[in-house]
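Chemist: Pasting start37.cif below, which is mmCIF, C-alpha atoms and all ligand atoms.
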data_target
loop_
_atom_site.group_PDB
_atom_site.id
_atom_site.type_symbol
_atom_site.label_atom_id
_atom_site.label_comp_id
_atom_site.auth_asym_id
_atom_site.auth_seq_id
_atom_site.Cartn_x
_atom_site.Cartn_y
_atom_site.Cartn_z
ATOM 1 C CA MET A 404 111.039 75.846 91.629
ATOM 2 C CA LEU A 405 111.801 76.171 95.315
ATOM 3 C CA VAL A 406 109.239 75.645 98.093
ATOM 4 C CA VAL A 407 109.827 77.368 101.442
ATOM 5 C CA SER A 408 107.855 77.834 104.649
ATOM 6 C CA THR A 409 109.712 80.593 106.492
ATOM 7 C CA ILE A 410 109.692 84.360 106.090
ATOM 8 C CA ALA A 411 113.511 84.416 106.343
ATOM 9 C CA GLU A 412 113.839 82.102 103.307
ATOM 10 C CA VAL A 413 111.440 84.234 101.238
ATOM 11 C CA ARG A 414 113.343 87.392 102.101
ATOM 12 C CA SER A 415 116.702 85.889 101.203
ATOM 13 C CA ARG A 416 115.526 84.395 97.866
ATOM 14 C CA VAL A 417 113.742 87.594 96.852
ATOM 15 C CA ALA A 418 116.783 89.709 97.827
ATOM 16 C CA GLU A 419 118.962 87.471 95.654
ATOM 17 C CA ALA A 420 116.625 87.874 92.666
ATOM 18 C CA ARG A 421 116.515 91.627 93.177
ATOM 19 C CA ARG A 422 120.332 91.807 93.306
ATOM 20 C CA ALA A 423 120.295 89.977 89.966
ATOM 21 C CA GLY A 424 118.158 92.828 88.613
ATOM 22 C CA GLN A 425 114.922 90.856 88.294
ATOM 23 C CA ARG A 426 111.424 92.280 88.652
ATOM 24 C CA ILE A 427 109.560 90.506 91.457
ATOM 25 C CA GLY A 428 105.971 89.391 90.768
ATOM 26 C CA PHE A 429 103.825 88.101 93.630
ATOM 27 C CA VAL A 430 100.589 86.069 93.518
ATOM 28 C CA PRO A 431 98.940 85.534 96.931
ATOM 29 C CA THR A 432 96.528 82.577 97.098
ATOM 30 C CA MET A 433 94.784 80.297 99.567
ATOM 31 C CA GLY A 434 95.693 77.251 97.477
ATOM 32 C CA TYR A 435 93.461 74.555 95.971
ATOM 33 C CA LEU A 436 94.572 76.142 92.735
ATOM 34 C CA HIS A 437 92.544 76.358 89.530
ATOM 35 C CA GLU A 438 92.833 78.052 86.122
ATOM 36 C CA GLY A 439 91.969 81.452 87.682
ATOM 37 C CA HIS A 440 95.010 81.299 89.938
ATOM 38 C CA LEU A 441 97.135 80.021 87.056
ATOM 39 C CA MET A 442 96.095 82.999 84.913
ATOM 40 C CA LEU A 443 97.452 85.342 87.608
ATOM 41 C CA MET A 444 100.700 83.366 87.699
ATOM 42 C CA ARG A 445 101.032 83.390 83.898
ATOM 43 C CA GLN A 446 100.571 87.143 83.785
ATOM 44 C CA ALA A 447 103.218 87.519 86.510
ATOM 45 C CA ARG A 448 105.480 85.163 84.521
ATOM 46 C CA GLN A 449 105.131 87.355 81.406
ATOM 47 C CA GLU A 450 105.938 90.563 83.246
ATOM 48 C CA CYS A 451 108.480 89.555 85.886
ATOM 49 C CA GLY A 452 111.831 87.781 85.990
ATOM 50 C CA PHE A 453 111.046 86.245 89.368
ATOM 51 C CA VAL A 454 107.601 84.946 90.346
ATOM 52 C CA LEU A 455 106.590 84.180 93.932
ATOM 53 C CA VAL A 456 103.318 82.448 94.861
ATOM 54 C CA SER A 457 102.066 82.177 98.429
ATOM 55 C CA ILE A 458 99.709 79.417 99.540
ATOM 56 C CA PHE A 459 98.171 80.255 102.895
ATOM 57 C CA VAL A 460 94.637 79.692 104.121
ATOM 58 C CA ASN A 461 94.427 82.832 106.232
ATOM 59 C CA PRO A 462 92.407 82.181 109.403
ATOM 60 C CA THR A 463 91.804 85.874 110.178
ATOM 61 C CA GLN A 464 89.660 86.429 107.080
ATOM 62 C CA PHE A 465 87.162 83.701 108.013
ATOM 63 C CA GLY A 466 84.262 84.381 110.386
ATOM 64 C CA PRO A 467 83.621 82.025 113.338
ATOM 65 C CA ASN A 468 80.852 80.198 111.439
ATOM 66 C CA GLU A 469 82.641 80.133 108.083
ATOM 67 C CA ASP A 470 84.554 77.367 106.315
ATOM 68 C CA PHE A 471 88.161 77.806 107.554
ATOM 69 C CA ALA A 472 88.411 74.254 108.924
ATOM 70 C CA ARG A 473 86.909 72.581 105.857
ATOM 71 C CA TYR A 474 88.420 74.908 103.206
ATOM 72 C CA PRO A 475 89.871 72.529 100.551
ATOM 73 C CA ARG A 476 93.609 71.951 100.768
ATOM 74 C CA ASP A 477 95.949 69.897 98.519
ATOM 75 C CA LEU A 478 99.517 71.209 98.667
ATOM 76 C CA GLU A 479 101.009 68.459 96.506
ATOM 77 C CA ARG A 480 98.622 69.141 93.635
ATOM 78 C CA ASP A 481 99.097 72.909 94.079
ATOM 79 C CA LEU A 482 102.878 72.561 93.833
ATOM 80 C CA SER A 483 102.644 70.577 90.620
ATOM 81 C CA LEU A 484 100.357 73.261 89.126
ATOM 82 C CA CYS A 485 102.807 75.999 90.202
ATOM 83 C CA GLY A 486 105.593 73.962 88.581
ATOM 84 C CA SER A 487 103.646 73.866 85.320
ATOM 85 C CA VAL A 488 103.637 77.673 84.911
ATOM 86 C CA PRO A 489 106.498 77.607 86.092
ATOM 87 C CA VAL A 490 106.950 79.908 89.084
ATOM 88 C CA ASP A 491 110.272 80.423 90.876
ATOM 89 C CA LEU A 492 109.338 80.301 94.540
ATOM 90 C CA VAL A 493 106.361 79.006 96.532
ATOM 91 C CA PHE A 494 105.839 80.253 100.085
ATOM 92 C CA ALA A 495 103.631 77.865 102.077
ATOM 93 C CA PRO A 496 103.879 79.015 105.698
ATOM 94 C CA SER A 497 102.202 77.684 108.829
ATOM 95 C CA VAL A 498 99.677 79.807 110.729
ATOM 96 C CA GLU A 499 102.304 80.235 113.494
ATOM 97 C CA GLU A 500 104.842 81.614 111.005
ATOM 98 C CA ILE A 501 102.413 84.351 109.937
ATOM 99 C CA TYR A 502 100.731 84.968 113.299
ATOM 100 C CA PRO A 503 103.251 84.277 116.099
ATOM 101 C CA GLN A 504 101.616 84.786 119.497
ATOM 102 C CA PRO A 505 100.876 87.298 120.798
ATOM 103 C CA TYR A 506 99.574 88.806 117.535
ATOM 104 C CA LEU A 507 97.963 92.225 118.158
ATOM 105 C CA THR A 508 97.967 94.296 114.942
ATOM 106 C CA ARG A 509 95.211 94.617 112.336
ATOM 107 C CA VAL A 510 94.925 96.673 109.137
ATOM 108 C CA SER A 511 91.449 98.088 108.622
ATOM 109 C CA VAL A 512 90.151 99.908 105.523
ATOM 110 C CA SER A 513 86.925 101.799 106.210
ATOM 111 C CA LEU A 514 83.958 102.670 103.953
ATOM 112 C CA LEU A 515 84.824 100.287 101.079
ATOM 113 C CA THR A 516 84.389 97.359 103.469
ATOM 114 C CA THR A 517 80.897 98.207 104.717
ATOM 115 C CA THR A 518 79.020 97.235 101.522
ATOM 116 C CA LEU A 519 78.625 94.007 99.484
ATOM 117 C CA CYS A 520 80.667 91.149 101.046
ATOM 118 C CA GLY A 521 81.737 93.414 103.922
ATOM 119 C CA ALA A 522 78.127 93.640 105.094
ATOM 120 C CA SER A 523 77.600 89.867 105.244
ATOM 121 C CA ARG A 524 81.149 88.924 106.305
ATOM 122 C CA PRO A 525 82.075 91.241 109.209
ATOM 123 C CA GLY A 526 85.837 91.295 109.796
ATOM 124 C CA HIS A 527 86.596 89.546 106.483
ATOM 125 C CA PHE A 528 88.307 92.478 104.783
ATOM 126 C CA GLU A 529 90.248 93.366 107.926
ATOM 127 C CA GLY A 530 91.676 89.842 107.779
ATOM 128 C CA VAL A 531 92.420 90.244 104.059
ATOM 129 C CA ALA A 532 94.040 93.690 104.440
ATOM 130 C CA THR A 533 96.103 92.453 107.383
ATOM 131 C CA VAL A 534 97.464 89.347 105.679
ATOM 132 C CA VAL A 535 98.038 91.080 102.325
ATOM 133 C CA SER A 536 99.971 93.926 103.964
ATOM 134 C CA LYS A 537 102.049 91.359 105.879
ATOM 135 C CA LEU A 538 102.733 89.340 102.713
ATOM 136 C CA LEU A 539 103.630 92.501 100.755
ATOM 137 C CA ASN A 540 106.079 93.461 103.514
ATOM 138 C CA ILE A 541 107.574 89.976 103.541
ATOM 139 C CA ALA A 542 107.969 89.679 99.752
ATOM 140 C CA GLN A 543 108.393 93.356 98.777
ATOM 141 C CA PRO A 544 107.355 92.634 95.175
ATOM 142 C CA ASP A 545 107.305 95.144 92.320
ATOM 143 C CA THR A 546 103.848 93.940 91.249
ATOM 144 C CA ALA A 547 101.182 91.917 93.076
ATOM 145 C CA TYR A 548 98.456 90.156 91.053
ATOM 146 C CA PHE A 549 94.821 89.821 92.155
ATOM 147 C CA GLY A 550 91.711 88.463 90.445
ATOM 148 C CA GLN A 551 88.914 90.785 89.353
ATOM 149 C CA LYS A 552 86.583 87.993 90.494
ATOM 150 C CA ASP A 553 87.095 89.436 93.981
ATOM 151 C CA ALA A 554 86.418 93.008 92.814
ATOM 152 C CA GLN A 555 85.819 94.383 96.304
ATOM 153 C CA GLN A 556 89.087 92.832 97.481
ATOM 154 C CA VAL A 557 90.922 94.589 94.621
ATOM 155 C CA ALA A 558 89.315 97.930 95.561
ATOM 156 C CA VAL A 559 90.201 97.479 99.248
ATOM 157 C CA ILE A 560 93.802 96.514 98.491
ATOM 158 C CA ARG A 561 94.304 99.385 96.037
ATOM 159 C CA GLN A 562 93.028 101.803 98.690
ATOM 160 C CA MET A 563 95.271 100.268 101.362
ATOM 161 C CA VAL A 564 98.334 100.446 99.101
ATOM 162 C CA THR A 565 97.604 104.118 98.342
ATOM 163 C CA ASP A 566 96.808 105.062 101.932
ATOM 164 C CA LEU A 567 99.861 103.309 103.409
ATOM 165 C CA ASN A 568 102.238 104.346 100.578
ATOM 166 C CA LEU A 569 103.183 100.730 99.922
ATOM 167 C CA PRO A 570 105.709 100.635 97.046
ATOM 168 C CA VAL A 571 103.944 98.018 94.924
ATOM 169 C CA LYS A 572 101.898 98.021 91.732
ATOM 170 C CA ILE A 573 98.547 96.217 92.005
ATOM 171 C CA SER A 574 97.522 94.400 88.826
ATOM 172 C CA ALA A 575 93.931 93.081 88.432
ATOM 173 C CA VAL A 576 93.392 90.044 86.176
ATOM 174 C CA PRO A 577 90.041 89.262 84.445
ATOM 175 C CA THR A 578 87.869 86.459 85.862
ATOM 176 C CA VAL A 579 88.451 82.982 84.462
ATOM 177 C CA ARG A 580 85.246 80.974 83.951
ATOM 178 C CA GLU A 581 84.173 77.410 83.311
ATOM 179 C CA PRO A 582 82.892 76.856 79.734
ATOM 180 C CA ASP A 583 79.284 77.291 80.953
ATOM 181 C CA GLY A 584 80.032 80.658 82.588
ATOM 182 C CA LEU A 585 80.507 79.720 86.257
ATOM 183 C CA ALA A 586 83.399 81.740 87.702
ATOM 184 C CA MET A 587 86.182 79.413 88.825
ATOM 185 C CA SER A 588 86.505 79.193 92.600
ATOM 186 C CA SER A 589 88.130 76.802 95.067
ATOM 187 C CA ARG A 590 84.716 76.653 96.754
ATOM 188 C CA ASN A 591 83.010 75.188 93.643
ATOM 189 C CA VAL A 592 84.055 71.706 94.874
ATOM 190 C CA TYR A 593 81.550 72.043 97.728
ATOM 191 C CA LEU A 594 78.624 72.077 95.282
ATOM 192 C CA THR A 595 76.411 69.042 94.670
ATOM 193 C CA PRO A 596 75.688 68.414 90.951
ATOM 194 C CA GLU A 597 72.256 70.076 91.387
ATOM 195 C CA GLN A 598 73.773 73.116 93.140
ATOM 196 C CA ARG A 599 76.500 73.290 90.476
ATOM 197 C CA GLN A 600 73.792 73.592 87.805
ATOM 198 C CA ALA A 601 71.808 76.108 89.871
ATOM 199 C CA ALA A 602 74.982 78.200 90.420
ATOM 200 C CA LEU A 603 74.823 79.294 86.773
ATOM 201 C CA VAL A 604 72.255 81.824 87.996
ATOM 202 C CA LEU A 605 75.120 84.099 89.143
ATOM 203 C CA SER A 606 76.649 84.590 85.699
ATOM 204 C CA ARG A 607 73.191 84.503 84.059
ATOM 205 C CA SER A 608 71.987 87.421 86.219
ATOM 206 C CA LEU A 609 75.137 89.399 85.400
ATOM 207 C CA HIS A 610 74.741 88.739 81.664
ATOM 208 C CA MET A 611 71.116 89.826 81.847
ATOM 209 C CA ALA A 612 72.240 93.096 83.490
ATOM 210 C CA GLY A 613 75.008 93.539 80.903
ATOM 211 C CA GLY A 614 72.552 92.886 78.066
ATOM 212 C CA ARG A 615 70.057 95.464 79.335
ATOM 213 C CA VAL A 616 72.767 98.112 79.656
ATOM 214 C CA ALA A 617 74.111 97.252 76.192
ATOM 215 C CA ARG A 618 70.602 97.846 74.787
ATOM 216 C CA GLY A 619 70.541 101.329 76.331
ATOM 217 C CA ASP A 620 68.680 100.690 79.600
ATOM 218 C CA ARG A 621 70.085 103.040 82.273
ATOM 219 C CA ASP A 622 67.546 102.354 85.047
ATOM 220 C CA LEU A 623 69.986 100.651 87.401
ATOM 221 C CA PRO A 624 67.528 100.150 90.312
ATOM 222 C CA ALA A 625 65.172 98.300 87.919
ATOM 223 C CA ILE A 626 68.035 96.189 86.572
ATOM 224 C CA ARG A 627 69.172 95.427 90.132
ATOM 225 C CA GLN A 628 65.640 94.301 90.985
ATOM 226 C CA ALA A 629 65.511 92.049 87.914
ATOM 227 C CA MET A 630 68.821 90.457 89.002
ATOM 228 C CA GLN A 631 67.426 89.840 92.485
ATOM 229 C CA GLU A 632 64.221 88.335 91.059
ATOM 230 C CA MET A 633 66.153 86.050 88.734
ATOM 231 C CA ILE A 634 68.286 84.747 91.611
ATOM 232 C CA ARG A 635 65.276 84.368 93.944
ATOM 233 C CA SER A 636 63.480 82.335 91.259
ATOM 234 C CA GLU A 637 66.182 79.641 91.482
ATOM 235 C CA PRO A 638 64.925 77.190 94.145
ATOM 236 C CA LEU A 639 68.386 76.060 95.378
ATOM 237 C CA ALA A 640 69.733 79.617 95.584
ATOM 238 C CA GLU A 641 69.545 81.932 98.575
ATOM 239 C CA LEU A 642 70.267 85.542 97.611
ATOM 240 C CA ASP A 643 72.857 87.319 99.752
ATOM 241 C CA TYR A 644 73.072 90.436 97.578
ATOM 242 C CA ALA A 645 72.758 91.607 93.978
ATOM 243 C CA GLU A 646 73.922 95.200 93.612
ATOM 244 C CA ILE A 647 75.067 97.680 91.002
ATOM 245 C CA VAL A 648 77.709 99.977 92.459
ATOM 246 C CA ASP A 649 80.327 102.545 91.580
ATOM 247 C CA PRO A 650 83.478 100.492 90.858
ATOM 248 C CA ARG A 651 85.661 102.837 92.945
ATOM 249 C CA THR A 652 83.489 103.719 95.940
ATOM 250 C CA LEU A 653 81.376 100.520 95.879
ATOM 251 C CA GLN A 654 78.322 102.635 96.757
ATOM 252 C CA PRO A 655 75.011 101.883 94.946
ATOM 253 C CA LEU A 656 74.489 103.703 91.643
ATOM 254 C CA GLN A 657 71.129 104.981 90.386
ATOM 255 C CA THR A 658 72.152 105.670 86.825
ATOM 256 C CA LEU A 659 75.032 105.052 84.455
ATOM 257 C CA PRO A 660 76.540 108.148 82.835
ATOM 258 C CA GLN A 661 77.544 108.033 79.154
ATOM 259 C CA GLY A 662 81.012 106.441 78.997
ATOM 260 C CA GLY A 663 80.925 105.612 82.715
ATOM 261 C CA GLN A 664 81.303 102.239 84.383
ATOM 262 C CA ALA A 665 79.301 100.362 86.986
ATOM 263 C CA LEU A 666 80.042 97.128 88.788
ATOM 264 C CA ALA A 667 77.267 94.544 88.960
ATOM 265 C CA ALA A 668 78.074 92.198 91.855
ATOM 266 C CA VAL A 669 76.247 89.175 93.252
ATOM 267 C CA ALA A 670 76.643 86.798 96.199
ATOM 268 C CA VAL A 671 74.473 83.704 96.492
ATOM 269 C CA ARG A 672 74.336 80.803 98.947
ATOM 270 C CA PHE A 673 73.750 77.207 97.926
ATOM 271 C CA GLY A 674 73.333 75.337 101.198
ATOM 272 C CA ARG A 675 76.441 76.271 103.220
ATOM 273 C CA THR A 676 78.410 77.341 100.129
ATOM 274 C CA ARG A 677 78.572 81.045 99.337
ATOM 275 C CA LEU A 678 79.620 82.062 95.816
ATOM 276 C CA ILE A 679 80.336 85.525 94.389
ATOM 277 C CA ASP A 680 80.689 86.951 90.899
ATOM 278 C CA ASN A 681 80.709 90.358 89.211
ATOM 279 C CA MET A 682 80.789 92.076 85.851
ATOM 280 C CA THR A 683 81.701 95.597 84.719
ATOM 281 C CA LEU A 684 78.829 97.427 82.971
ATOM 282 C CA GLN A 685 79.911 99.936 80.343
ATOM 283 C CA GLY A 686 77.831 103.110 79.895
HETATM 284 P P1 LIG B 701 91.957 82.691 96.629
HETATM 285 O O1 LIG B 701 92.876 81.513 96.646
HETATM 286 O O2 LIG B 701 90.526 82.327 96.418
HETATM 287 O O3 LIG B 701 92.181 83.631 97.799
HETATM 288 O O4 LIG B 701 92.338 83.533 95.339
HETATM 289 C C1 LIG B 701 93.653 83.972 95.127
HETATM 290 C C2 LIG B 701 93.652 84.979 94.008
HETATM 291 O O5 LIG B 701 93.135 84.369 92.817
HETATM 292 C C3 LIG B 701 92.756 86.183 94.320
HETATM 293 O O6 LIG B 701 93.391 87.368 93.846
HETATM 294 C C4 LIG B 701 91.519 85.870 93.527
HETATM 295 O O7 LIG B 701 90.794 87.034 93.139
HETATM 296 C C5 LIG B 701 92.095 85.166 92.309
HETATM 297 N N1 LIG B 701 91.062 84.361 91.669
HETATM 298 C C6 LIG B 701 90.237 83.454 92.259
HETATM 299 N N2 LIG B 701 89.369 82.938 91.357
HETATM 300 C C7 LIG B 701 89.645 83.536 90.174
HETATM 301 C C8 LIG B 701 89.098 83.432 88.864
HETATM 302 N N3 LIG B 701 88.095 82.609 88.572
HETATM 303 N N4 LIG B 701 89.636 84.198 87.888
HETATM 304 C C9 LIG B 701 90.660 85.047 88.154
HETATM 305 N N5 LIG B 701 91.233 85.176 89.368
HETATM 306 C C10 LIG B 701 90.730 84.445 90.369
#
Once you've parsed the file, please lay out its structure as structure tokens.
Ligand code: AMP
Modeler:
Amino acid sequence: MLVVSTIAEVRSRVAEARRAGQRIGFVPTMGYLHEGHLMLMRQARQECGFVLVSIFVNPTQFGPNEDFARYPRDLERDLSLCGSVPVDLVFAPSVEEIYPQPYLTRVSVSLLTTTLCGASRPGHFEGVATVVSKLLNIAQPDTAYFGQKDAQQVAVIRQMVTDLNLPVKISAVPTVREPDGLAMSSRNVYLTPEQRQAALVLSRSLHMAGGRVARGDRDLPAIRQAMQEMIRSEPLAELDYAEIVDPRTLQPLQTLPQGGQALAAVAVRFGRTRLIDNMTLQG
């Protein structure tokens, strides 16, 4: 496994692999890796001859009062986890390598970014779309792997790839959870033991919604309200949103057609830590 920090090195290694006839798989991350990230890498490993992972805490996707400065970082540990998959190439650039000054261009996806996390994190998805389009241009992979845990991110990136005719396949990987149901996240380390216990309310509210739909309930506004009440009843939790939306448009749904799908999505704050989770509801 090779570790590089420049765009030129990534381009030359990827070009070499492509000349050798290998499929290029790419897994973008912000590091502080966990089993969720590793699942993306393993899927890439199964499908591609050459696997590239990027580790870059992207400043442009954090708001001014968000956790960019204190976001957890541990490159040494991350590299040993990448080596365990194993992946072929790790790209760990500096902020200056990705955003040389002056940096003046942004990629903005409308509509899909106004709801859910877009409403409470203005500018977040513009930062995501910008860095992902840059990384896709740098690596030019055949397939890029993203976690369904960030369902809105997947929808935004799919739309961007379609709209900009980017020649890459986007593959979404199911959410990896702790044994008690908490979705794995680099931000889980921020939680106190009490908040960690209280954070189970995210997956519990999603399971409640899934259970009601499985029993034939199609009153999505009532189910949404029950999710909100469940989260509000947890003293350490502060509800950001609990919504049931169309998985493609991300607009709120009133009812679930037979055979259709809905996305139940929640965001909850515990002190300064904001966690998200989601689940697909099957009609
Ligand atoms: P991050 O480092 O948080 O930006 O995440 C990098 C990639 O890993 C994104 O595509 C995430 O959606 C994905 N990811 C994060 N957590 C999980 C998880 N628990 N299960 C599956 N994928 C995940």
Chemist: One decimal, in Å: what's the spacing between atom CA of Leu519 of chain A and atom CA of Ala667 of chain A?
Modeler: 10.6 Å
Chemist: Using only C-alpha atoms, which of A:Pro525, A:Pro467, A:Gly686, A:Gly486 sits nearest Gly619 of chain A?
Modeler: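 Looking only at the distances to Gly619 of chain A, the closest residue turns out to be A:Gly686.
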Chemist: Do you know which residues are within 9 Å of ligand LIG 701 (chain B) using all atoms listed in the file? Can you write them as a ChimeraX atom specification?
Modeler: /A:430-443,458-461,548-554,556-557,575-581,585-590,680
Chemist: My list of candidates is A:Leu678, A:Leu623, A:Met404, A:Met633. Which is closest to Leu659 of chain A when distances are computed with only C-alpha atoms?
Modeler: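 Comparing A:Leu678, A:Leu623, A:Met404, A:Met633 against Leu659 of chain A, the winner is A:Leu623.
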Chemist: Restricting the calculation to all atoms listed in the file, which member of A:Asp477, A:Asp491, A:Glu450, A:Glu469 is positioned closest to Val407 of chain A?
Modeler: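 Of A:Asp477, A:Asp491, A:Glu450, A:Glu469, the one nearest Val407 of chain A is A:Asp491, counting all atoms listed in the file.
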Chemist: Got a sec to resolve the PyMOL selection byres (((chain A and resi 541) around 9) and not hetatm) on this structure and send the residues as a PDB file with C-alpha atoms, keeping the file's coordinate frame?
Modeler:
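Writing the result to out.pdb gives the following:
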ATOM      1  CA  ILE A 410     109.692  84.360 106.090  1.00  0.00           C
ATOM      2  CA  ALA A 411     113.511  84.416 106.343  1.00  0.00           C
ATOM      3  CA  VAL A 413     111.440  84.234 101.238  1.00  0.00           C
ATOM      4  CA  ARG A 414     113.343  87.392 102.101  1.00  0.00           C
ATOM      5  CA  SER A 536      99.971  93.926 103.964  1.00  0.00           C
ATOM      6  CA  LYS A 537     102.049  91.359 105.879  1.00  0.00           C
ATOM      7  CA  LEU A 538     102.733  89.340 102.713  1.00  0.00           C
ATOM      8  CA  LEU A 539     103.630  92.501 100.755  1.00  0.00           C
ATOM      9  CA  ASN A 540     106.079  93.461 103.514  1.00  0.00           C
ATOM     10  CA  ALA A 542     107.969  89.679  99.752  1.00  0.00           C
ATOM     11  CA  GLN A 543     108.393  93.356  98.777  1.00  0.00           C
ATOM     12  CA  PRO A 544     107.355  92.634  95.175  1.00  0.00           C
TER      13      PRO A 544
END
